[in-house]
Amino acid sequence: QVQLVESGGGSVQAGGSLKLSCAVSGYVASAYCMAWFRQVPGEERVGVATIKGGHSKTYYTDSVKGRFTISQDNPRKTLYLQMNGLKPEDTGMYYCALGPLRSNFCYTGAQLYDYWGQGTQVTVSS
């Protein structure tokens, strides 16, 4: 059973930076995707960045391009999200997720991911 544990959330002012981490434990298949999702109360989880497991192939939603960087520590599979230039609209609960690689691209649909962390809150004030 795969377990994901996020950390690194907090409160910052607009323009600030945070780095989220997601520790991975348990058996993980060789072909997999990992992603970061953001959720605000009353809304669905929205994928902000994905990475093909063990590779450098990444995807970012338009709203975070150039500001966020997703990366992975391959030996440990730890997932990171470096968030720079934070904006109030980045506020939300951030979840890391893991799922099988179904093609050569990791999509952001929440239904494609089988394992989820408990989330870490990011609050950006103006």
# chains A, B, ... in the order shown; residues from 1 in each chain; ligands from 1
>>> residues_around(residues="Gln121 (chain A)", least_positions_apart="2", cutoff="8 Å", atoms="only C-alpha atoms", output="compact mmCIF listing (two decimals) with N, CA, C and O atoms, in the first residue's frame")
# COMPACT_ATOMS: atom_id res chain seq x y z
N GLY A 9 3.53 23.33 3.94
CA GLY A 9 2.57 24.41 3.77
C GLY A 9 2.74 25.48 4.83
O GLY A 9 3.50 25.34 5.78
N GLY A 10 2.03 26.59 4.65
CA GLY A 10 2.09 27.67 5.62
C GLY A 10 1.43 28.92 5.09
O GLY A 10 0.72 28.88 4.08
N THR A 91 -3.96 30.23 -2.89
CA THR A 91 -4.41 29.72 -1.60
C THR A 91 -5.26 28.49 -1.76
O THR A 91 -6.13 28.42 -2.65
N GLY A 92 -5.03 27.49 -0.91
CA GLY A 92 -5.83 26.28 -0.93
C GLY A 92 -5.11 25.16 -0.21
O GLY A 92 -4.00 25.32 0.27
N MET A 93 -5.78 24.01 -0.15
CA MET A 93 -5.18 22.81 0.38
C MET A 93 -4.48 22.12 -0.78
O MET A 93 -5.09 21.91 -1.83
N TYR A 94 -3.22 21.80 -0.59
CA TYR A 94 -2.45 21.15 -1.64
C TYR A 94 -2.28 19.67 -1.31
O TYR A 94 -1.86 19.32 -0.19
N GLY A 119 -2.95 16.25 2.61
CA GLY A 119 -3.02 17.66 2.24
C GLY A 119 -2.23 18.55 3.18
O GLY A 119 -2.01 18.24 4.35
N THR A 123 -1.65 29.35 2.45
CA THR A 123 -2.45 30.57 2.51
C THR A 123 -1.57 31.74 2.10
O THR A 123 -0.51 31.96 2.69
>>> residues_around(residues="region 38-47 of chain A", least_positions_apart="4", cutoff="10 Å", atoms="only C-alpha atoms", output="list in words")
Tyr59, Tyr60, Thr61, Glu89, Asp90, Thr91, Gly92, Met93, Tyr94, Tyr95, Cys96, Ala97, Tyr107, Thr108, Gly109, Ala110, Gly119, Thr120, Gln121 and Val122 of chain A
>>> write_last_selection(atoms="N, CA, C and O atoms", output="PDB file, in the first residue's frame")
ATOM      1  N   TYR A  59       4.417  18.816 -16.419  1.00  0.00           N
ATOM      2  CA  TYR A  59       3.320  19.602 -16.987  1.00  0.00           C
ATOM      3  C   TYR A  59       2.859  20.574 -15.914  1.00  0.00           C
ATOM      4  O   TYR A  59       2.815  20.228 -14.728  1.00  0.00           O
ATOM      5  N   TYR A  60       2.509  21.802 -16.367  1.00  0.00           N
ATOM      6  CA  TYR A  60       2.002  22.819 -15.451  1.00  0.00           C
ATOM      7  C   TYR A  60       0.729  23.430 -16.026  1.00  0.00           C
ATOM      8  O   TYR A  60       0.637  23.687 -17.234  1.00  0.00           O
ATOM      9  N   THR A  61      -0.220  23.678 -15.147  1.00  0.00           N
ATOM     10  CA  THR A  61      -1.382  24.420 -15.595  1.00  0.00           C
ATOM     11  C   THR A  61      -0.965  25.863 -15.842  1.00  0.00           C
ATOM     12  O   THR A  61       0.018  26.348 -15.257  1.00  0.00           O
ATOM     13  N   GLU A  89      -4.571  33.939  -5.101  1.00  0.00           N
ATOM     14  CA  GLU A  89      -5.357  32.889  -5.755  1.00  0.00           C
ATOM     15  C   GLU A  89      -4.684  31.525  -5.709  1.00  0.00           C
ATOM     16  O   GLU A  89      -5.286  30.527  -6.112  1.00  0.00           O
ATOM     17  N   ASP A  90      -3.447  31.444  -5.221  1.00  0.00           N
ATOM     18  CA  ASP A  90      -2.793  30.154  -5.012  1.00  0.00           C
ATOM     19  C   ASP A  90      -3.225  29.512  -3.698  1.00  0.00           C
ATOM     20  O   ASP A  90      -2.876  28.358  -3.423  1.00  0.00           O
ATOM     21  N   THR A  91      -3.958  30.231  -2.889  1.00  0.00           N
ATOM     22  CA  THR A  91      -4.407  29.724  -1.601  1.00  0.00           C
ATOM     23  C   THR A  91      -5.262  28.488  -1.763  1.00  0.00           C
ATOM     24  O   THR A  91      -6.127  28.419  -2.648  1.00  0.00           O
ATOM     25  N   GLY A  92      -5.030  27.492  -0.910  1.00  0.00           N
ATOM     26  CA  GLY A  92      -5.832  26.278  -0.930  1.00  0.00           C
ATOM     27  C   GLY A  92      -5.114  25.157  -0.212  1.00  0.00           C
ATOM     28  O   GLY A  92      -3.997  25.323   0.269  1.00  0.00           O
ATOM     29  N   MET A  93      -5.783  24.015  -0.148  1.00  0.00           N
ATOM     30  CA  MET A  93      -5.176  22.805   0.383  1.00  0.00           C
ATOM     31  C   MET A  93      -4.478  22.115  -0.780  1.00  0.00           C
ATOM     32  O   MET A  93      -5.095  21.905  -1.832  1.00  0.00           O
ATOM     33  N   TYR A  94      -3.220  21.803  -0.594  1.00  0.00           N
ATOM     34  CA  TYR A  94      -2.448  21.152  -1.638  1.00  0.00           C
ATOM     35  C   TYR A  94      -2.276  19.670  -1.309  1.00  0.00           C
ATOM     36  O   TYR A  94      -1.859  19.318  -0.190  1.00  0.00           O
ATOM     37  N   TYR A  95      -2.584  18.842  -2.291  1.00  0.00           N
ATOM     38  CA  TYR A  95      -2.483  17.397  -2.144  1.00  0.00           C
ATOM     39  C   TYR A  95      -1.491  16.850  -3.158  1.00  0.00           C
ATOM     40  O   TYR A  95      -1.490  17.272  -4.321  1.00  0.00           O
ATOM     41  N   CYS A  96      -0.676  15.881  -2.742  1.00  0.00           N
ATOM     42  CA  CYS A  96       0.089  15.138  -3.730  1.00  0.00           C
ATOM     43  C   CYS A  96      -0.658  13.849  -4.036  1.00  0.00           C
ATOM     44  O   CYS A  96      -1.421  13.343  -3.200  1.00  0.00           O
ATOM     45  N   ALA A  97      -0.445  13.353  -5.220  1.00  0.00           N
ATOM     46  CA  ALA A  97      -1.166  12.180  -5.685  1.00  0.00           C
ATOM     47  C   ALA A  97      -0.256  11.314  -6.542  1.00  0.00           C
ATOM     48  O   ALA A  97       0.681  11.809  -7.168  1.00  0.00           O
ATOM     49  N   TYR A 107      -1.517  13.290 -17.024  1.00  0.00           N
ATOM     50  CA  TYR A 107      -2.605  14.249 -17.060  1.00  0.00           C
ATOM     51  C   TYR A 107      -2.998  14.685 -15.653  1.00  0.00           C
ATOM     52  O   TYR A 107      -2.543  14.123 -14.663  1.00  0.00           O
ATOM     53  N   THR A 108      -3.855  15.705 -15.585  1.00  0.00           N
ATOM     54  CA  THR A 108      -4.196  16.272 -14.287  1.00  0.00           C
ATOM     55  C   THR A 108      -5.571  15.852 -13.772  1.00  0.00           C
ATOM     56  O   THR A 108      -6.011  16.362 -12.751  1.00  0.00           O
ATOM     57  N   GLY A 109      -6.264  14.965 -14.437  1.00  0.00           N
ATOM     58  CA  GLY A 109      -7.554  14.532 -13.931  1.00  0.00           C
ATOM     59  C   GLY A 109      -7.426  13.789 -12.629  1.00  0.00           C
ATOM     60  O   GLY A 109      -6.661  12.831 -12.522  1.00  0.00           O
ATOM     61  N   ALA A 110      -8.171  14.226 -11.623  1.00  0.00           N
ATOM     62  CA  ALA A 110      -8.068  13.609 -10.303  1.00  0.00           C
ATOM     63  C   ALA A 110      -8.438  12.124 -10.341  1.00  0.00           C
ATOM     64  O   ALA A 110      -7.911  11.334  -9.551  1.00  0.00           O
ATOM     65  N   GLY A 119      -2.948  16.251   2.608  1.00  0.00           N
ATOM     66  CA  GLY A 119      -3.020  17.661   2.240  1.00  0.00           C
ATOM     67  C   GLY A 119      -2.226  18.550   3.178  1.00  0.00           C
ATOM     68  O   GLY A 119      -2.013  18.237   4.352  1.00  0.00           O
ATOM     69  N   THR A 120      -1.784  19.670   2.647  1.00  0.00           N
ATOM     70  CA  THR A 120      -1.101  20.695   3.435  1.00  0.00           C
ATOM     71  C   THR A 120      -1.621  22.054   2.981  1.00  0.00           C
ATOM     72  O   THR A 120      -1.766  22.313   1.786  1.00  0.00           O
ATOM     73  N   GLN A 121      -1.959  22.907   3.944  1.00  0.00           N
ATOM     74  CA  GLN A 121      -2.616  24.180   3.643  1.00  0.00           C
ATOM     75  C   GLN A 121      -1.600  25.245   3.255  1.00  0.00           C
ATOM     76  O   GLN A 121      -0.581  25.429   3.928  1.00  0.00           O
ATOM     77  N   VAL A 122      -1.913  25.944   2.175  1.00  0.00           N
ATOM     78  CA  VAL A 122      -1.136  27.102   1.738  1.00  0.00           C
ATOM     79  C   VAL A 122      -2.056  28.308   1.739  1.00  0.00           C
ATOM     80  O   VAL A 122      -3.125  28.281   1.124  1.00  0.00           O
TER      81      VAL A 122
END
>>> closest_residue(among="A:Gln82, A:Ser30, A:Thr58, A:Thr69", to="Ser17 (chain A)", atoms="only C-alpha atoms")
A:Gln82
>>> residues_around(residues="Met83 (chain A)", least_positions_apart="2", cutoff="9 Å", atoms="only C-alpha atoms", output="VMD selection string")
chain A and resid 16 to 20 64 67 to 70 81 85 to 86
>>> write_last_selection(atoms="C-alpha atoms", output="compact mmCIF listing (two decimals), in the first residue's frame")
# COMPACT_ATOMS: atom_id res chain seq x y z
CA GLY A 16 6.67 34.97 -1.21
CA SER A 17 7.81 31.38 -1.66
CA LEU A 18 7.07 27.99 -0.19
CA LYS A 19 8.37 24.51 -0.94
CA LEU A 20 6.04 21.57 -0.46
CA VAL A 64 1.39 28.46 -12.33
CA ARG A 67 6.28 30.32 -10.92
CA PHE A 68 6.00 26.72 -9.71
CA THR A 69 8.45 23.87 -10.24
CA ILE A 70 7.63 20.22 -9.68
CA LEU A 81 6.66 21.68 -5.41
CA GLY A 85 5.84 34.52 -6.71
CA LEU A 86 2.85 33.31 -4.75
>>> closest_residue(among="A:Ser56, A:Val48, A:Met34, A:Gly99", to="Gln111 (chain A)", atoms="only C-alpha atoms")
A:Gly99
>>> select_by_dssp(residues="chain A", states="helix (DSSP H, G or I)", output="list in words")
Asp62, Ser63, Val64, Pro88, Glu89, Asp90, Ala110, Gln111 and Leu112 of chain A
>>> write_last_selection(atoms="C-alpha atoms", output="PDB file, in the first residue's frame")
ATOM      1  CA  ASP A  62      -1.242  27.863 -17.173  1.00  0.00           C
ATOM      2  CA  SER A  63      -1.850  29.721 -13.909  1.00  0.00           C
ATOM      3  CA  VAL A  64       1.385  28.464 -12.334  1.00  0.00           C
ATOM      4  CA  PRO A  88      -3.636  35.080  -3.167  1.00  0.00           C
ATOM      5  CA  GLU A  89      -5.357  32.889  -5.755  1.00  0.00           C
ATOM      6  CA  ASP A  90      -2.793  30.154  -5.012  1.00  0.00           C
ATOM      7  CA  ALA A 110      -8.068  13.609 -10.303  1.00  0.00           C
ATOM      8  CA  GLN A 111      -9.743  10.367 -11.318  1.00  0.00           C
ATOM      9  CA  LEU A 112      -6.444   9.164 -12.806  1.00  0.00           C
TER      10      LEU A 112
END
>>> closest_residue(among="A:Gly8, A:Ser126, A:Ala14, A:His55", to="Cys33 (chain A)", atoms="only C-alpha atoms")
A:His55
>>> select_by_dssp(residues="chain A", states="strand (DSSP E)", output="JSON list (two decimals) with C-alpha atoms, in the first residue's frame")
[["chain", "number", "residue", "atom", "x", "y", "z"],
["A", 3, "GLN", "CA", 1.35, 6.17, 1.55],
["A", 4, "LEU", "CA", 1.87, 9.85, 0.77],
["A", 5, "VAL", "CA", 2.60, 12.46, 3.41],
["A", 6, "GLU", "CA", 2.78, 16.16, 2.52],
["A", 7, "SER", "CA", 4.57, 18.88, 4.43],
["A", 10, "GLY", "CA", 2.09, 27.67, 5.62],
["A", 11, "SER", "CA", 1.08, 31.29, 5.41],
["A", 12, "VAL", "CA", 3.00, 33.80, 3.33],
["A", 13, "GLN", "CA", 2.48, 37.21, 1.82],
["A", 18, "LEU", "CA", 7.07, 27.99, -0.19],
["A", 19, "LYS", "CA", 8.37, 24.51, -0.94],
["A", 20, "LEU", "CA", 6.04, 21.57, -0.46],
["A", 21, "SER", "CA", 7.29, 18.02, 0.02],
["A", 22, "CYS", "CA", 5.54, 14.68, -0.35],
["A", 23, "ALA", "CA", 7.17, 11.63, 1.18],
["A", 24, "VAL", "CA", 6.37, 8.35, -0.55],
["A", 25, "SER", "CA", 6.38, 4.94, 1.11],
["A", 32, "TYR", "CA", 3.77, 5.99, -12.58],
["A", 33, "CYS", "CA", 2.73, 9.63, -12.46],
["A", 34, "MET", "CA", 2.78, 12.03, -9.56],
["A", 35, "ALA", "CA", 0.97, 15.31, -9.28],
["A", 36, "TRP", "CA", 0.11, 18.24, -7.06],
["A", 37, "PHE", "CA", -3.51, 19.31, -6.76],
["A", 38, "ARG", "CA", -5.06, 22.36, -5.15],
["A", 39, "GLN", "CA", -8.50, 22.49, -3.59],
["A", 46, "VAL", "CA", -7.55, 21.06, -9.61],
["A", 47, "GLY", "CA", -4.26, 19.69, -10.85],
["A", 48, "VAL", "CA", -1.49, 22.29, -10.93],
["A", 49, "ALA", "CA", 1.54, 20.20, -11.92],
["A", 50, "THR", "CA", 2.44, 16.65, -12.88],
["A", 51, "ILE", "CA", 5.64, 14.68, -13.35],
["A", 52, "LYS", "CA", 6.33, 11.34, -14.97],
["A", 58, "THR", "CA", 6.56, 17.75, -16.38],
["A", 59, "TYR", "CA", 3.32, 19.60, -16.99],
["A", 60, "TYR", "CA", 2.00, 22.82, -15.45],
["A", 68, "PHE", "CA", 6.00, 26.72, -9.71],
["A", 69, "THR", "CA", 8.45, 23.87, -10.24],
["A", 70, "ILE", "CA", 7.63, 20.22, -9.68],
["A", 71, "SER", "CA", 10.52, 17.86, -9.07],
["A", 72, "GLN", "CA", 11.29, 14.48, -7.60],
["A", 73, "ASP", "CA", 14.09, 12.94, -5.60],
["A", 78, "THR", "CA", 9.97, 12.23, -2.69],
["A", 79, "LEU", "CA", 7.93, 14.80, -4.60],
["A", 80, "TYR", "CA", 8.46, 18.54, -4.31],
["A", 81, "LEU", "CA", 6.66, 21.68, -5.41],
["A", 82, "GLN", "CA", 8.68, 24.88, -5.31],
["A", 83, "MET", "CA", 6.26, 27.79, -5.36],
["A", 92, "GLY", "CA", -5.83, 26.28, -0.93],
["A", 93, "MET", "CA", -5.18, 22.81, 0.38],
["A", 94, "TYR", "CA", -2.45, 21.15, -1.64],
["A", 95, "TYR", "CA", -2.48, 17.40, -2.14],
["A", 96, "CYS", "CA", 0.09, 15.14, -3.73],
["A", 97, "ALA", "CA", -1.17, 12.18, -5.68],
["A", 98, "LEU", "CA", 0.22, 9.07, -7.35],
["A", 99, "GLY", "CA", -1.25, 6.95, -10.10],
["A", 100, "PRO", "CA", -0.32, 4.59, -12.91],
["A", 115, "TYR", "CA", -3.27, 7.41, -3.92],
["A", 116, "TRP", "CA", -3.55, 10.73, -2.10],
["A", 120, "THR", "CA", -1.10, 20.69, 3.43],
["A", 121, "GLN", "CA", -2.62, 24.18, 3.64],
["A", 122, "VAL", "CA", -1.14, 27.10, 1.74],
["A", 123, "THR", "CA", -2.45, 30.57, 2.51],
["A", 124, "VAL", "CA", -1.26, 33.62, 0.59],
["A", 125, "SER", "CA", -2.29, 37.04, 1.84]]
>>> closest_residue(among="A:Val2, A:Gly26, A:Arg102, A:Gly66", to="Gly117 (chain A)", atoms="only C-alpha atoms")
A:Val2
>>> atom_distance(atom1="CA of Ala31 (chain A)", atom2="CA of Asn74 (chain A)")
12.8 Å
>>> decode(residues="region 67-86 of chain A", atoms="N, CA, C and O atoms", output="PDB file, in the first residue's frame")
ATOM      1  N   ARG A  67       6.206  30.018 -12.356  1.00  0.00           N
ATOM      2  CA  ARG A  67       6.278  30.318 -10.916  1.00  0.00           C
ATOM      3  C   ARG A  67       6.488  29.062 -10.071  1.00  0.00           C
ATOM      4  O   ARG A  67       7.171  29.111  -9.045  1.00  0.00           O
ATOM      5  N   PHE A  68       5.900  27.966 -10.467  1.00  0.00           N
ATOM      6  CA  PHE A  68       5.996  26.719  -9.712  1.00  0.00           C
ATOM      7  C   PHE A  68       6.908  25.746 -10.448  1.00  0.00           C
ATOM      8  O   PHE A  68       6.951  25.728 -11.687  1.00  0.00           O
ATOM      9  N   THR A  69       7.621  24.917  -9.667  1.00  0.00           N
ATOM     10  CA  THR A  69       8.454  23.870 -10.241  1.00  0.00           C
ATOM     11  C   THR A  69       8.204  22.567  -9.507  1.00  0.00           C
ATOM     12  O   THR A  69       8.371  22.506  -8.279  1.00  0.00           O
ATOM     13  N   ILE A  70       7.809  21.545 -10.257  1.00  0.00           N
ATOM     14  CA  ILE A  70       7.626  20.218  -9.680  1.00  0.00           C
ATOM     15  C   ILE A  70       8.891  19.419  -9.928  1.00  0.00           C
ATOM     16  O   ILE A  70       9.494  19.493 -11.007  1.00  0.00           O
ATOM     17  N   SER A  71       9.324  18.665  -8.918  1.00  0.00           N
ATOM     18  CA  SER A  71      10.522  17.861  -9.073  1.00  0.00           C
ATOM     19  C   SER A  71      10.403  16.632  -8.180  1.00  0.00           C
ATOM     20  O   SER A  71       9.501  16.541  -7.336  1.00  0.00           O
ATOM     21  N   GLN A  72      11.342  15.730  -8.368  1.00  0.00           N
ATOM     22  CA  GLN A  72      11.292  14.483  -7.604  1.00  0.00           C
ATOM     23  C   GLN A  72      12.692  14.034  -7.256  1.00  0.00           C
ATOM     24  O   GLN A  72      13.611  14.122  -8.081  1.00  0.00           O
ATOM     25  N   ASP A  73      12.860  13.573  -6.045  1.00  0.00           N
ATOM     26  CA  ASP A  73      14.093  12.941  -5.598  1.00  0.00           C
ATOM     27  C   ASP A  73      13.966  11.471  -5.963  1.00  0.00           C
ATOM     28  O   ASP A  73      13.273  10.720  -5.274  1.00  0.00           O
ATOM     29  N   ASN A  74      14.590  11.079  -7.058  1.00  0.00           N
ATOM     30  CA  ASN A  74      14.317   9.758  -7.604  1.00  0.00           C
ATOM     31  C   ASN A  74      14.607   8.586  -6.676  1.00  0.00           C
ATOM     32  O   ASN A  74      13.805   7.653  -6.618  1.00  0.00           O
ATOM     33  N   PRO A  75      15.750   8.562  -5.986  1.00  0.00           N
ATOM     34  CA  PRO A  75      15.959   7.372  -5.155  1.00  0.00           C
ATOM     35  C   PRO A  75      14.852   7.160  -4.126  1.00  0.00           C
ATOM     36  O   PRO A  75      14.440   6.028  -3.893  1.00  0.00           O
ATOM     37  N   ARG A  76      14.371   8.252  -3.537  1.00  0.00           N
ATOM     38  CA  ARG A  76      13.349   8.132  -2.496  1.00  0.00           C
ATOM     39  C   ARG A  76      11.944   8.381  -3.014  1.00  0.00           C
ATOM     40  O   ARG A  76      10.980   8.180  -2.295  1.00  0.00           O
ATOM     41  N   LYS A  77      11.866   8.834  -4.267  1.00  0.00           N
ATOM     42  CA  LYS A  77      10.590   9.180  -4.884  1.00  0.00           C
ATOM     43  C   LYS A  77       9.900  10.370  -4.205  1.00  0.00           C
ATOM     44  O   LYS A  77       8.753  10.654  -4.483  1.00  0.00           O
ATOM     45  N   THR A  78      10.575  11.070  -3.337  1.00  0.00           N
ATOM     46  CA  THR A  78       9.973  12.234  -2.694  1.00  0.00           C
ATOM     47  C   THR A  78       9.635  13.285  -3.744  1.00  0.00           C
ATOM     48  O   THR A  78      10.437  13.601  -4.612  1.00  0.00           O
ATOM     49  N   LEU A  79       8.428  13.802  -3.652  1.00  0.00           N
ATOM     50  CA  LEU A  79       7.933  14.803  -4.599  1.00  0.00           C
ATOM     51  C   LEU A  79       8.005  16.178  -3.972  1.00  0.00           C
ATOM     52  O   LEU A  79       7.744  16.331  -2.776  1.00  0.00           O
ATOM     53  N   TYR A  80       8.355  17.168  -4.785  1.00  0.00           N
ATOM     54  CA  TYR A  80       8.457  18.539  -4.315  1.00  0.00           C
ATOM     55  C   TYR A  80       7.638  19.474  -5.205  1.00  0.00           C
ATOM     56  O   TYR A  80       7.398  19.190  -6.383  1.00  0.00           O
ATOM     57  N   LEU A  81       7.251  20.599  -4.635  1.00  0.00           N
ATOM     58  CA  LEU A  81       6.659  21.680  -5.410  1.00  0.00           C
ATOM     59  C   LEU A  81       7.238  22.983  -4.871  1.00  0.00           C
ATOM     60  O   LEU A  81       6.900  23.413  -3.771  1.00  0.00           O
ATOM     61  N   GLN A  82       8.128  23.579  -5.651  1.00  0.00           N
ATOM     62  CA  GLN A  82       8.682  24.880  -5.306  1.00  0.00           C
ATOM     63  C   GLN A  82       7.747  25.938  -5.851  1.00  0.00           C
ATOM     64  O   GLN A  82       7.493  25.974  -7.065  1.00  0.00           O
ATOM     65  N   MET A  83       7.231  26.765  -4.969  1.00  0.00           N
ATOM     66  CA  MET A  83       6.260  27.791  -5.360  1.00  0.00           C
ATOM     67  C   MET A  83       6.858  29.156  -5.105  1.00  0.00           C
ATOM     68  O   MET A  83       7.115  29.523  -3.960  1.00  0.00           O
ATOM     69  N   ASN A  84       7.098  29.902  -6.165  1.00  0.00           N
ATOM     70  CA  ASN A  84       7.635  31.254  -6.088  1.00  0.00           C
ATOM     71  C   ASN A  84       6.594  32.245  -6.602  1.00  0.00           C
ATOM     72  O   ASN A  84       5.671  31.875  -7.325  1.00  0.00           O
ATOM     73  N   GLY A  85       6.776  33.503  -6.239  1.00  0.00           N
ATOM     74  CA  GLY A  85       5.844  34.516  -6.708  1.00  0.00           C
ATOM     75  C   GLY A  85       4.410  34.207  -6.355  1.00  0.00           C
ATOM     76  O   GLY A  85       3.503  34.387  -7.168  1.00  0.00           O
ATOM     77  N   LEU A  86       4.188  33.747  -5.136  1.00  0.00           N
ATOM     78  CA  LEU A  86       2.847  33.308  -4.752  1.00  0.00           C
ATOM     79  C   LEU A  86       1.833  34.437  -4.810  1.00  0.00           C
ATOM     80  O   LEU A  86       2.154  35.605  -4.508  1.00  0.00           O
TER      81      LEU A  86
END
